[in-house]
Amino acid sequence: MASPTSTKKDDVMMLLSLLANPAVRADLYPQTTRTPRPLISKRRWLRCAEGVSLWLAVMLMLFVHPLYAEASDRQAGQAEEAGQLYLVDSQGNRQQPALVLDSEFQVRVSGLLADTTLTREFRNTSDSWHEGIFVFPLPEQAAVFGLTMTVGERRIVGRIEPRAEARETYEKAKSAGQHAATLEQQRPNLFTSRVANIPPGETVRVEVRYQQPVSYRHGEFELRLPTTLTPRYMPGEPVVEAATQWQSGWATATTQVPDAAEISPFTVRAADVDERSHRARIELAIESGFPLAGVTSPSHSLVTEADGGRVVVRPEGREVLMDRDLIVRWRPLTGREPTAAVFHQQWQGEDFLMAMILPPDVTGPVLRRELLFVIDTSGSMAGESIVQARSALLKGLDSLRPGDYFNVIQFNSQAHSLFARPVPAEGHYLARARQYVEGLNANGGTEMAGALSLAMAMEPAPAEGLVQQMVFITDGAVGNESALFDRIRTGLGERRMFTVGIGSAPNMHFLREAARWGRGEFTAVHNTGEVNRALNGLFAAMEAPVMSDLTVRWPTGGNPVEAVPARPGDLFQGSPLVQVVRGVPAGGELEVSGRLPGGRPWNTRLDLGNAAPASGLNRQWARGRIDELLDAARLQGEAPDEPAIVALSVQHGVMSPFTSFVAVEEQPARPAEAKLDTEAVPTLLPAGSRDGMLRYPQTATAWPLLAALGLSGLMLALAMLLLNRRPA
């Protein structure tokens, strides 16, 4: 039986033969007996155009039909195998999904630090050898200190090396057919894992160990575990450069984000991956040392088990989908909230101390403010995020008092302000602002620099004695964070910047650092029901710093102190001072002093002899010291002190921008003749996001078919038009 394709081709050939027959052409174009008119040249031109149009239409039909058949077959296949992500190679051949990703988080919280063991399993379901590449988020203050690869029963412990050397080590092992894994830091909260030579049908496990500080604000502890990320906007002009084997993202390098390809993992729906993939098992063991009033989460339903002073927490269900941050909060019993704590560790003969001191909960005089609300309305905010952002801004408008001034700036590809300059917080201005905010929608790019420039250059309010503040509402989905921090640092002047994170997977690194460089505070709204809780604390902090002119005196006998942060900034209501110091033994008293609102002096002392034992303080100190070296370089406009950072990183086993972990098994595993395929494992679209944020790998599409159909339709229409316009 002839195939549909061959039948169509026979029909086309028959049409061609008919058109070539003079008799048929005579029937199609009968000669008239009228006297020739002077327009005979125009008739000939029309007949020529008609013939050319028909021939082109026939040729396009020959081109279109195979494309139509291929597209129909592809759509039928996808309908039969729904829920699969298909990659396409450079020749347009469809590849079956090969790697299935499984994750497990084991978290132990002790004191003010959380130690996490994150295990990734890369299961190769294909018949060929594979290299897996996975770009994933970690907490913005994570200190990564371990990498272990497991193949079968064999465990290979990774070592930390300068970044270029680690890449070379990995590439040599990959080419030699050895099992290998590497881990690189792209941003403080964004990392890339590569796993080479995963055998057909086998599983390779990669274990990453990191620690992070536990947040303690307004009498509540909080821990955030990111599992996915919002695709970032890459501003700047595209840079034409040769692609390297270390690039695997959907974005290309730009003048402002040269590493765009390394921070842009493909983003897909949960239905696009294997039903076993991108699920995580999570368990937290909280050893607080004091009784808890309860454990809650705005992101997941929890199951808790209390065992004395230890509470084990798991999300409900065996596994959770990796499409949102897991947020866990716990609160001490009323009256048992800590106001101070100190921890001690000895590591390689050196003493490390961590101290936390909470200032008194006091208020000062009410300040008159000039408040700029800046809201992100770019495409990444579409869906639930823009609903949260509008609610947050409306809450901010409600916080204004008589005597305050305000303005609203919204930005996407461009920035626009509601008023030319800040206006009084009065009835008709507020009503207009509320109506404006309620009508905001999300689309376009995230040109954050333009919004900052507009806010910084805005003419001030026509009133004296106003405290200048900015509330920046965004998901932080940008790739040029460093340049934005520089703009904030140099352009804010006397204004303070407070950031509000939006969405189920915001860029917390940007939110925290933007607030730090803006001498303000930050918060995050996980869902619309969280708006009041998150914003009440932030707006209370914005009233005024609880304590300024902070001085911290460690008992060092006059010797220099190596503390991080070296110079604490102002403290806001509900936020403690936390400092880690090296070289100070657990003895004597720590003295902290400062000024409360209104200029009143305040001081307190903490007995270091009561320090509780702890671990990981050396890593926390090293991570903080690396951050300060990077900050110093930014402030001085110089390149970072790379040798000093590498030395700290290697000594304390903590990753940095200039070092990476690499693990290599000595014996080759892949036969020399076996081909190695590379697959970039995607991340999941954050919950609540619109499909416009999907970033698929190269896929087979029907664009040639659509283009050909359009051309054929155009040619046939032209032919019909010419036939209808022929003289009778």
# chains A, B, ... in the order shown; residues from 1 in each chain; ligands from 1

$ residues_around --residues "Ala142 (chain A)" --least-positions-apart "3" --cutoff "10 Å" --atoms "only C-alpha atoms" --output "number ranges by chain"
A: 114-116, 138-139, 145, 188-189, 209-213, 620, 623, 654-655

$ residues_around --residues "Phe411 (chain A)" --least-positions-apart "3" --cutoff "8 Å" --atoms "only C-alpha atoms" --output "list of chain:residue names"
A:Val374, A:Ile375, A:Asp376, A:Thr377, A:Ser378, A:Gln414, A:Ala415, A:His416, A:Thr446, A:Glu447, A:Met448, A:Gly450, A:Ala451

$ select_by_dssp --residues "region 450-555 of chain A" --states "alpha helix (DSSP H)" --output "compact mmCIF listing (two decimals) with N, CA, C and O atoms, in the first residue's frame"
# COMPACT_ATOMS: atom_id res chain seq x y z
N GLY A 450 17.42 51.20 35.25
CA GLY A 450 16.65 52.38 34.88
C GLY A 450 15.73 52.84 36.00
O GLY A 450 15.56 54.05 36.22
N ALA A 451 15.14 51.88 36.71
CA ALA A 451 14.27 52.24 37.84
C ALA A 451 15.06 52.90 38.95
O ALA A 451 14.62 53.89 39.56
N LEU A 452 16.25 52.37 39.24
CA LEU A 452 17.09 52.96 40.27
C LEU A 452 17.51 54.38 39.88
O LEU A 452 17.49 55.29 40.70
N SER A 453 17.88 54.55 38.62
CA SER A 453 18.30 55.87 38.16
C SER A 453 17.16 56.88 38.26
O SER A 453 17.36 58.03 38.68
N LEU A 454 15.95 56.46 37.87
CA LEU A 454 14.80 57.36 37.96
C LEU A 454 14.54 57.76 39.40
O LEU A 454 14.28 58.93 39.70
N ALA A 455 14.59 56.79 40.32
CA ALA A 455 14.33 57.09 41.72
C ALA A 455 15.41 58.00 42.31
O ALA A 455 15.11 58.94 43.06
N MET A 456 16.67 57.72 41.97
CA MET A 456 17.76 58.50 42.55
C MET A 456 17.81 59.93 42.01
O MET A 456 18.24 60.85 42.72
N ALA A 457 17.37 60.12 40.76
CA ALA A 457 17.43 61.45 40.15
C ALA A 457 16.16 62.26 40.38
O ALA A 457 16.08 63.42 39.96
N GLU A 481 23.64 41.46 39.15
CA GLU A 481 23.54 41.91 40.54
C GLU A 481 24.68 42.83 40.95
O GLU A 481 24.46 43.85 41.60
N SER A 482 25.90 42.47 40.61
CA SER A 482 27.05 43.24 41.08
C SER A 482 26.99 44.69 40.62
O SER A 482 27.25 45.61 41.41
N ALA A 483 26.63 44.91 39.35
CA ALA A 483 26.54 46.28 38.84
C ALA A 483 25.43 47.05 39.56
O ALA A 483 25.56 48.26 39.83
N LEU A 484 24.35 46.38 39.89
CA LEU A 484 23.24 47.04 40.60
C LEU A 484 23.65 47.41 42.01
O LEU A 484 23.28 48.48 42.52
N PHE A 485 24.43 46.55 42.67
CA PHE A 485 24.90 46.88 44.02
C PHE A 485 25.77 48.14 43.97
O PHE A 485 25.69 48.99 44.86
N ASP A 486 26.62 48.24 42.95
CA ASP A 486 27.45 49.43 42.82
C ASP A 486 26.60 50.68 42.64
O ASP A 486 26.88 51.74 43.21
N ARG A 487 25.55 50.57 41.84
CA ARG A 487 24.67 51.72 41.62
C ARG A 487 23.96 52.11 42.91
O ARG A 487 23.81 53.29 43.21
N ILE A 488 23.52 51.12 43.68
CA ILE A 488 22.86 51.41 44.96
C ILE A 488 23.83 52.09 45.92
O ILE A 488 23.50 53.08 46.58
N ARG A 489 25.03 51.55 46.00
CA ARG A 489 26.02 52.09 46.94
C ARG A 489 26.39 53.53 46.62
O ARG A 489 26.52 54.36 47.52
N THR A 490 26.56 53.84 45.33
CA THR A 490 27.06 55.16 44.96
C THR A 490 25.96 56.18 44.71
O THR A 490 26.22 57.39 44.73
N GLY A 491 24.72 55.73 44.47
CA GLY A 491 23.69 56.67 44.04
C GLY A 491 22.59 56.98 45.03
O GLY A 491 21.82 57.92 44.83
N MET A 508 17.14 35.66 46.69
CA MET A 508 17.37 36.21 48.01
C MET A 508 18.74 36.87 48.14
O MET A 508 18.93 37.77 48.97
N HIS A 509 19.70 36.45 47.34
CA HIS A 509 21.02 37.11 47.36
C HIS A 509 20.87 38.58 46.98
O HIS A 509 21.41 39.47 47.66
N PHE A 510 20.14 38.85 45.90
CA PHE A 510 19.95 40.24 45.50
C PHE A 510 19.19 41.01 46.58
O PHE A 510 19.56 42.14 46.93
N LEU A 511 18.13 40.44 47.11
CA LEU A 511 17.30 41.15 48.09
C LEU A 511 18.09 41.50 49.34
O LEU A 511 18.00 42.62 49.87
N ARG A 512 18.86 40.54 49.84
CA ARG A 512 19.63 40.78 51.07
C ARG A 512 20.74 41.82 50.83
O ARG A 512 20.92 42.75 51.61
N GLU A 513 21.49 41.64 49.74
CA GLU A 513 22.63 42.53 49.50
C GLU A 513 22.19 43.93 49.09
O GLU A 513 22.83 44.91 49.47
N ALA A 514 21.11 44.04 48.33
CA ALA A 514 20.62 45.37 47.97
C ALA A 514 20.22 46.14 49.23
O ALA A 514 20.49 47.35 49.35
N ALA A 515 19.57 45.46 50.17
CA ALA A 515 19.21 46.12 51.43
C ALA A 515 20.46 46.46 52.24
O ALA A 515 20.52 47.52 52.88
N ARG A 516 21.45 45.59 52.22
CA ARG A 516 22.67 45.86 52.99
C ARG A 516 23.40 47.08 52.43
O ARG A 516 23.80 47.98 53.17
N TRP A 517 23.59 47.12 51.10
CA TRP A 517 24.27 48.26 50.50
C TRP A 517 23.41 49.52 50.63
O TRP A 517 23.94 50.64 50.65
N VAL A 531 1.37 38.77 53.28
CA VAL A 531 1.70 40.18 53.08
C VAL A 531 1.69 40.95 54.39
O VAL A 531 2.66 41.66 54.71
N ASN A 532 0.63 40.82 55.18
CA ASN A 532 0.56 41.58 56.42
C ASN A 532 1.68 41.22 57.37
O ASN A 532 2.33 42.10 57.96
N ARG A 533 1.92 39.92 57.53
CA ARG A 533 2.97 39.49 58.45
C ARG A 533 4.33 40.03 58.04
O ARG A 533 5.10 40.55 58.85
N ALA A 534 4.66 39.90 56.75
CA ALA A 534 5.99 40.32 56.28
C ALA A 534 6.16 41.83 56.32
O ALA A 534 7.21 42.34 56.73
N LEU A 535 5.14 42.55 55.92
CA LEU A 535 5.27 44.01 55.81
C LEU A 535 5.16 44.72 57.15
O LEU A 535 5.75 45.78 57.34
N ASN A 536 4.41 44.15 58.11
CA ASN A 536 4.31 44.79 59.42
C ASN A 536 5.68 44.93 60.07
O ASN A 536 6.02 45.98 60.62
N GLY A 537 6.44 43.85 60.02
CA GLY A 537 7.78 43.91 60.60
C GLY A 537 8.69 44.88 59.87
O GLY A 537 9.46 45.61 60.50
N LEU A 538 8.61 44.88 58.54
CA LEU A 538 9.47 45.78 57.76
C LEU A 538 9.12 47.24 58.02
O LEU A 538 10.02 48.07 58.26
N PHE A 539 7.84 47.58 58.01
CA PHE A 539 7.46 48.98 58.20
C PHE A 539 7.75 49.44 59.63
O PHE A 539 8.03 50.62 59.85
N ALA A 540 7.68 48.51 60.58
CA ALA A 540 8.08 48.88 61.95
C ALA A 540 9.57 49.19 61.99
O ALA A 540 10.00 50.14 62.67
N ALA A 541 10.38 48.40 61.25
CA ALA A 541 11.82 48.67 61.21
C ALA A 541 12.12 49.98 60.51
O ALA A 541 13.11 50.66 60.83
N MET A 542 11.30 50.36 59.55
CA MET A 542 11.55 51.58 58.78
C MET A 542 11.29 52.84 59.59
O MET A 542 11.70 53.94 59.17

$ closest_residue --among "A:Pro560, A:Ile386, A:Gln667, A:Ser504" --to "Gly583 (chain A)" --atoms "only C-alpha atoms"
A:Pro560

$ residues_around --residues "Pro291 (chain A)" --least-positions-apart "4" --cutoff "8 Å" --atoms "only C-alpha atoms" --output "PDB file with N, CA, C and O atoms, in the first residue's frame"
ATOM      1  N   GLY A 309      14.316  17.679  73.657  1.00  0.00           N
ATOM      2  CA  GLY A 309      14.630  19.003  73.133  1.00  0.00           C
ATOM      3  C   GLY A 309      14.884  19.006  71.645  1.00  0.00           C
ATOM      4  O   GLY A 309      15.306  20.024  71.088  1.00  0.00           O
ATOM      5  N   PRO A 332      10.098  30.221  70.077  1.00  0.00           N
ATOM      6  CA  PRO A 332      10.187  29.757  71.464  1.00  0.00           C
ATOM      7  C   PRO A 332       8.906  30.061  72.229  1.00  0.00           C
ATOM      8  O   PRO A 332       8.095  30.899  71.832  1.00  0.00           O
ATOM      9  N   LEU A 333       8.728  29.340  73.329  1.00  0.00           N
ATOM     10  CA  LEU A 333       7.606  29.644  74.214  1.00  0.00           C
ATOM     11  C   LEU A 333       7.702  31.084  74.703  1.00  0.00           C
ATOM     12  O   LEU A 333       8.799  31.633  74.886  1.00  0.00           O
ATOM     13  N   ARG A 336      10.522  32.742  76.840  1.00  0.00           N
ATOM     14  CA  ARG A 336      11.774  31.984  76.709  1.00  0.00           C
ATOM     15  C   ARG A 336      12.577  32.442  75.489  1.00  0.00           C
ATOM     16  O   ARG A 336      13.533  31.795  75.096  1.00  0.00           O
TER      17      ARG A 336
END

$ select_by_dssp --residues "region 130-322 of chain A" --states "strand (DSSP E or B)" --output "ChimeraX atom specification"
/A:130-137,143-151,154-157,159-162,178-187,190-198,203-213,215-217,220-225,233,238,254,267-268,279-287,292-296,302-307,310-315,320-321

$ atom_distance --atom1 "CA of Thr119 (chain A)" --atom2 "CA of Phe136 (chain A)"
12.7 Å

$ atom_distance --atom1 "CA of Gly493 (chain A)" --atom2 "CA of Ala633 (chain A)"
20.3 Å

$ residues_around --residues "region 321-327 of chain A" --least-positions-apart "6" --cutoff "7 Å" --atoms "only C-alpha atoms" --output "short mmCIF file (atom, residue, chain, number, x, y, z; two decimals) with N, CA, C and O atoms, in the first residue's frame"
data_model
loop_
_atom_site.label_atom_id
_atom_site.label_comp_id
_atom_site.auth_asym_id
_atom_site.auth_seq_id
_atom_site.Cartn_x
_atom_site.Cartn_y
_atom_site.Cartn_z
N LEU A 223 14.29 29.22 58.55
CA LEU A 223 15.26 28.58 57.65
C LEU A 223 14.61 28.42 56.29
O LEU A 223 13.46 27.96 56.19
N ARG A 224 15.33 28.79 55.24
CA ARG A 224 14.83 28.71 53.86
C ARG A 224 15.73 27.78 53.06
O ARG A 224 16.95 27.96 53.01
N LEU A 225 15.11 26.77 52.42
CA LEU A 225 15.82 25.84 51.55
C LEU A 225 15.32 26.02 50.12
O LEU A 225 14.21 25.60 49.79
N PRO A 226 16.08 26.67 49.24
CA PRO A 226 15.64 26.84 47.86
C PRO A 226 15.77 25.54 47.07
O PRO A 226 16.71 24.77 47.27
N THR A 227 14.82 25.28 46.18
CA THR A 227 14.86 24.08 45.34
C THR A 227 14.82 24.40 43.85
O THR A 227 15.11 23.54 43.03
N THR A 228 14.43 25.63 43.50
CA THR A 228 14.43 26.04 42.09
C THR A 228 14.67 27.53 42.05
O THR A 228 14.86 28.18 43.09
N HIS A 278 12.93 15.33 39.76
CA HIS A 278 12.75 16.63 40.39
C HIS A 278 11.82 16.57 41.59
O HIS A 278 10.98 17.44 41.82
N ARG A 279 11.96 15.48 42.34
CA ARG A 279 11.30 15.34 43.63
C ARG A 279 12.37 15.33 44.72
O ARG A 279 13.50 14.93 44.48
N ALA A 280 12.01 15.77 45.92
CA ALA A 280 12.99 15.84 47.00
C ALA A 280 12.40 15.28 48.29
O ALA A 280 11.22 15.49 48.59
N SER A 297 5.10 26.54 58.55
CA SER A 297 5.66 26.80 57.22
C SER A 297 4.60 27.46 56.35
O SER A 297 3.47 26.97 56.28
N PRO A 298 4.95 28.56 55.65
CA PRO A 298 4.01 29.15 54.70
C PRO A 298 4.05 28.48 53.33
O PRO A 298 3.22 28.79 52.47
N SER A 299 5.01 27.58 53.13
CA SER A 299 5.21 26.99 51.80
C SER A 299 4.73 25.55 51.69
O SER A 299 4.33 25.11 50.61
N HIS A 300 4.76 24.79 52.79
CA HIS A 300 4.43 23.37 52.75
C HIS A 300 3.67 22.97 54.02
O HIS A 300 3.84 23.59 55.07
N SER A 504 7.58 32.46 44.88
CA SER A 504 7.91 31.21 45.57
C SER A 504 9.37 30.85 45.48
O SER A 504 9.82 29.94 46.17
N ALA A 505 10.16 31.55 44.64
CA ALA A 505 11.60 31.27 44.52
C ALA A 505 12.34 32.55 44.16
O ALA A 505 12.94 32.65 43.10
N LEU A 684 12.65 23.39 37.61
CA LEU A 684 11.20 23.50 37.45
C LEU A 684 10.74 24.95 37.53
O LEU A 684 11.32 25.76 38.27
N LEU A 685 9.70 25.25 36.77
CA LEU A 685 9.08 26.58 36.82
C LEU A 685 8.57 26.82 38.24
O LEU A 685 7.84 26.01 38.79
N PRO A 686 8.96 27.94 38.86
CA PRO A 686 8.49 28.20 40.23
C PRO A 686 6.97 28.24 40.30
O PRO A 686 6.29 28.72 39.39
N ALA A 687 6.44 27.71 41.38
CA ALA A 687 5.00 27.68 41.58
C ALA A 687 4.43 29.09 41.52
O ALA A 687 5.00 30.03 42.07
#

$ residues_around --residues "Ala340 (chain A)" --least-positions-apart "6" --cutoff "7 Å" --atoms "only C-alpha atoms" --output "PDB file with all heavy atoms, in the first residue's frame"
ATOM      1  N   MET A 356      25.434  36.547  69.616  1.00  0.00           N
ATOM      2  CA  MET A 356      24.195  37.166  69.158  1.00  0.00           C
ATOM      3  C   MET A 356      23.624  37.995  70.297  1.00  0.00           C
ATOM      4  O   MET A 356      23.471  37.496  71.423  1.00  0.00           O
ATOM      5  CB  MET A 356      23.166  36.108  68.743  1.00  0.00           C
ATOM      6  CG  MET A 356      21.857  36.725  68.242  1.00  0.00           C
ATOM      7  SD  MET A 356      20.433  35.601  68.326  1.00  0.00           S
ATOM      8  CE  MET A 356      20.037  35.693  70.079  1.00  0.00           C
ATOM      9  N   ILE A 357      23.331  39.258  70.014  1.00  0.00           N
ATOM     10  CA  ILE A 357      22.753  40.148  71.021  1.00  0.00           C
ATOM     11  C   ILE A 357      21.585  40.878  70.384  1.00  0.00           C
ATOM     12  O   ILE A 357      21.714  41.476  69.308  1.00  0.00           O
ATOM     13  CB  ILE A 357      23.791  41.159  71.550  1.00  0.00           C
ATOM     14  CG1 ILE A 357      24.923  40.421  72.277  1.00  0.00           C
ATOM     15  CG2 ILE A 357      23.131  42.174  72.476  1.00  0.00           C
ATOM     16  CD1 ILE A 357      26.011  41.326  72.788  1.00  0.00           C
ATOM     17  N   LEU A 358      20.428  40.829  71.057  1.00  0.00           N
ATOM     18  CA  LEU A 358      19.229  41.481  70.558  1.00  0.00           C
ATOM     19  C   LEU A 358      19.049  42.799  71.305  1.00  0.00           C
ATOM     20  O   LEU A 358      19.026  42.816  72.540  1.00  0.00           O
ATOM     21  CB  LEU A 358      18.005  40.593  70.772  1.00  0.00           C
ATOM     22  CG  LEU A 358      16.737  40.991  70.025  1.00  0.00           C
ATOM     23  CD1 LEU A 358      16.919  40.774  68.524  1.00  0.00           C
ATOM     24  CD2 LEU A 358      15.544  40.179  70.522  1.00  0.00           C
TER      25      LEU A 358
END

$ residues_around --residues "Leu596 (chain A)" --least-positions-apart "5" --cutoff "12 Å" --atoms "only C-alpha atoms" --output "list in words"
Pro359, Pro360, Asp361, Val362, Thr363, Gly364, Pro365, Ala544, Pro545, Val546, Met547, Ser548, Asp549, Leu550, Asp570, Leu571, Phe572, Gln573, Pro601, Trp602 and Asn603 of chain A

$ residues_around --residues "region 252-267 of chain A" --least-positions-apart "5" --cutoff "10 Å" --atoms "only C-alpha atoms" --output "PyMOL selection string"
chain A and resi 133-136+186-187+190-192+228-241+243-244+246-247+272+478-483+680-686+691+693-698

$ decode --residues "region 661-690 of chain A" --atoms "N, CA and C atoms" --output "mmCIF file, in the first residue's frame"
data_model
loop_
_atom_site.group_PDB
_atom_site.id
_atom_site.type_symbol
_atom_site.label_atom_id
_atom_site.label_comp_id
_atom_site.auth_asym_id
_atom_site.auth_seq_id
_atom_site.Cartn_x
_atom_site.Cartn_y
_atom_site.Cartn_z
ATOM 1 N N PHE A 661 35.131 22.599 43.980
ATOM 2 C CA PHE A 661 35.357 21.233 44.417
ATOM 3 C C PHE A 661 35.403 20.325 43.194
ATOM 4 N N VAL A 662 36.246 19.299 43.259
ATOM 5 C CA VAL A 662 36.311 18.309 42.191
ATOM 6 C C VAL A 662 36.608 16.948 42.811
ATOM 7 N N ALA A 663 35.906 15.924 42.324
ATOM 8 C CA ALA A 663 36.104 14.546 42.778
ATOM 9 C C ALA A 663 36.312 13.667 41.555
ATOM 10 N N VAL A 664 37.351 12.821 41.588
ATOM 11 C CA VAL A 664 37.695 11.981 40.439
ATOM 12 C C VAL A 664 38.016 10.575 40.914
ATOM 13 N N GLU A 665 37.405 9.578 40.265
ATOM 14 C CA GLU A 665 37.771 8.189 40.516
ATOM 15 C C GLU A 665 38.969 7.834 39.642
ATOM 16 N N GLU A 666 39.961 7.141 40.213
ATOM 17 C CA GLU A 666 41.218 6.920 39.513
ATOM 18 C C GLU A 666 41.071 6.029 38.289
ATOM 19 N N GLN A 667 40.289 4.960 38.399
ATOM 20 C CA GLN A 667 40.213 3.992 37.309
ATOM 21 C C GLN A 667 39.198 4.437 36.250
ATOM 22 N N PRO A 668 39.579 4.371 34.958
ATOM 23 C CA PRO A 668 38.619 4.688 33.894
ATOM 24 C C PRO A 668 37.437 3.719 33.931
ATOM 25 N N ALA A 669 36.274 4.214 33.558
ATOM 26 C CA ALA A 669 35.069 3.392 33.550
ATOM 27 C C ALA A 669 34.473 3.284 32.157
ATOM 28 N N ARG A 670 34.493 4.377 31.399
ATOM 29 C CA ARG A 670 33.902 4.366 30.058
ATOM 30 C C ARG A 670 34.912 3.861 29.039
ATOM 31 N N PRO A 671 34.538 2.869 28.215
ATOM 32 C CA PRO A 671 35.444 2.387 27.165
ATOM 33 C C PRO A 671 35.813 3.518 26.212
ATOM 34 N N ALA A 672 37.006 3.460 25.687
ATOM 35 C CA ALA A 672 37.502 4.531 24.826
ATOM 36 C C ALA A 672 36.628 4.719 23.597
ATOM 37 N N GLU A 673 36.048 3.636 23.104
ATOM 38 C CA GLU A 673 35.249 3.739 21.882
ATOM 39 C C GLU A 673 33.818 4.211 22.145
ATOM 40 N N ALA A 674 33.391 4.280 23.415
ATOM 41 C CA ALA A 674 32.014 4.660 23.737
ATOM 42 C C ALA A 674 31.863 6.179 23.700
ATOM 43 N N LYS A 675 30.813 6.635 23.055
ATOM 44 C CA LYS A 675 30.543 8.064 22.947
ATOM 45 C C LYS A 675 29.953 8.588 24.254
ATOM 46 N N LEU A 676 30.282 9.843 24.576
ATOM 47 C CA LEU A 676 29.749 10.496 25.779
ATOM 48 C C LEU A 676 28.807 11.616 25.360
ATOM 49 N N ASP A 677 27.540 11.523 25.766
ATOM 50 C CA ASP A 677 26.557 12.573 25.496
ATOM 51 C C ASP A 677 26.449 13.491 26.707
ATOM 52 N N THR A 678 26.112 14.745 26.456
ATOM 53 C CA THR A 678 25.957 15.737 27.519
ATOM 54 C C THR A 678 24.518 16.213 27.575
ATOM 55 N N GLU A 679 23.973 16.273 28.773
ATOM 56 C CA GLU A 679 22.593 16.718 28.943
ATOM 57 C C GLU A 679 22.508 17.718 30.085
ATOM 58 N N ALA A 680 21.887 18.874 29.812
ATOM 59 C CA ALA A 680 21.651 19.878 30.842
ATOM 60 C C ALA A 680 20.322 19.568 31.521
ATOM 61 N N VAL A 681 20.370 19.297 32.800
ATOM 62 C CA VAL A 681 19.158 18.974 33.558
ATOM 63 C C VAL A 681 18.431 20.276 33.876
ATOM 64 N N PRO A 682 17.150 20.407 33.516
ATOM 65 C CA PRO A 682 16.441 21.670 33.743
ATOM 66 C C PRO A 682 16.001 21.828 35.192
ATOM 67 N N THR A 683 15.613 23.041 35.548
ATOM 68 C CA THR A 683 14.943 23.305 36.818
ATOM 69 C C THR A 683 13.441 23.456 36.548
ATOM 70 N N LEU A 684 12.652 23.394 37.608
ATOM 71 C CA LEU A 684 11.201 23.496 37.447
ATOM 72 C C LEU A 684 10.741 24.945 37.531
ATOM 73 N N LEU A 685 9.696 25.252 36.768
ATOM 74 C CA LEU A 685 9.084 26.577 36.821
ATOM 75 C C LEU A 685 8.573 26.823 38.238
ATOM 76 N N PRO A 686 8.956 27.943 38.861
ATOM 77 C CA PRO A 686 8.487 28.205 40.226
ATOM 78 C C PRO A 686 6.968 28.238 40.302
ATOM 79 N N ALA A 687 6.441 27.708 41.381
ATOM 80 C CA ALA A 687 4.996 27.680 41.584
ATOM 81 C C ALA A 687 4.429 29.090 41.521
ATOM 82 N N GLY A 688 3.295 29.226 40.829
ATOM 83 C CA GLY A 688 2.640 30.518 40.708
ATOM 84 C C GLY A 688 3.099 31.341 39.526
ATOM 85 N N SER A 689 4.143 30.891 38.795
ATOM 86 C CA SER A 689 4.645 31.636 37.640
ATOM 87 C C SER A 689 3.836 31.291 36.398
ATOM 88 N N ARG A 690 3.824 32.208 35.449
ATOM 89 C CA ARG A 690 3.143 31.990 34.186
ATOM 90 C C ARG A 690 4.050 31.235 33.211
#
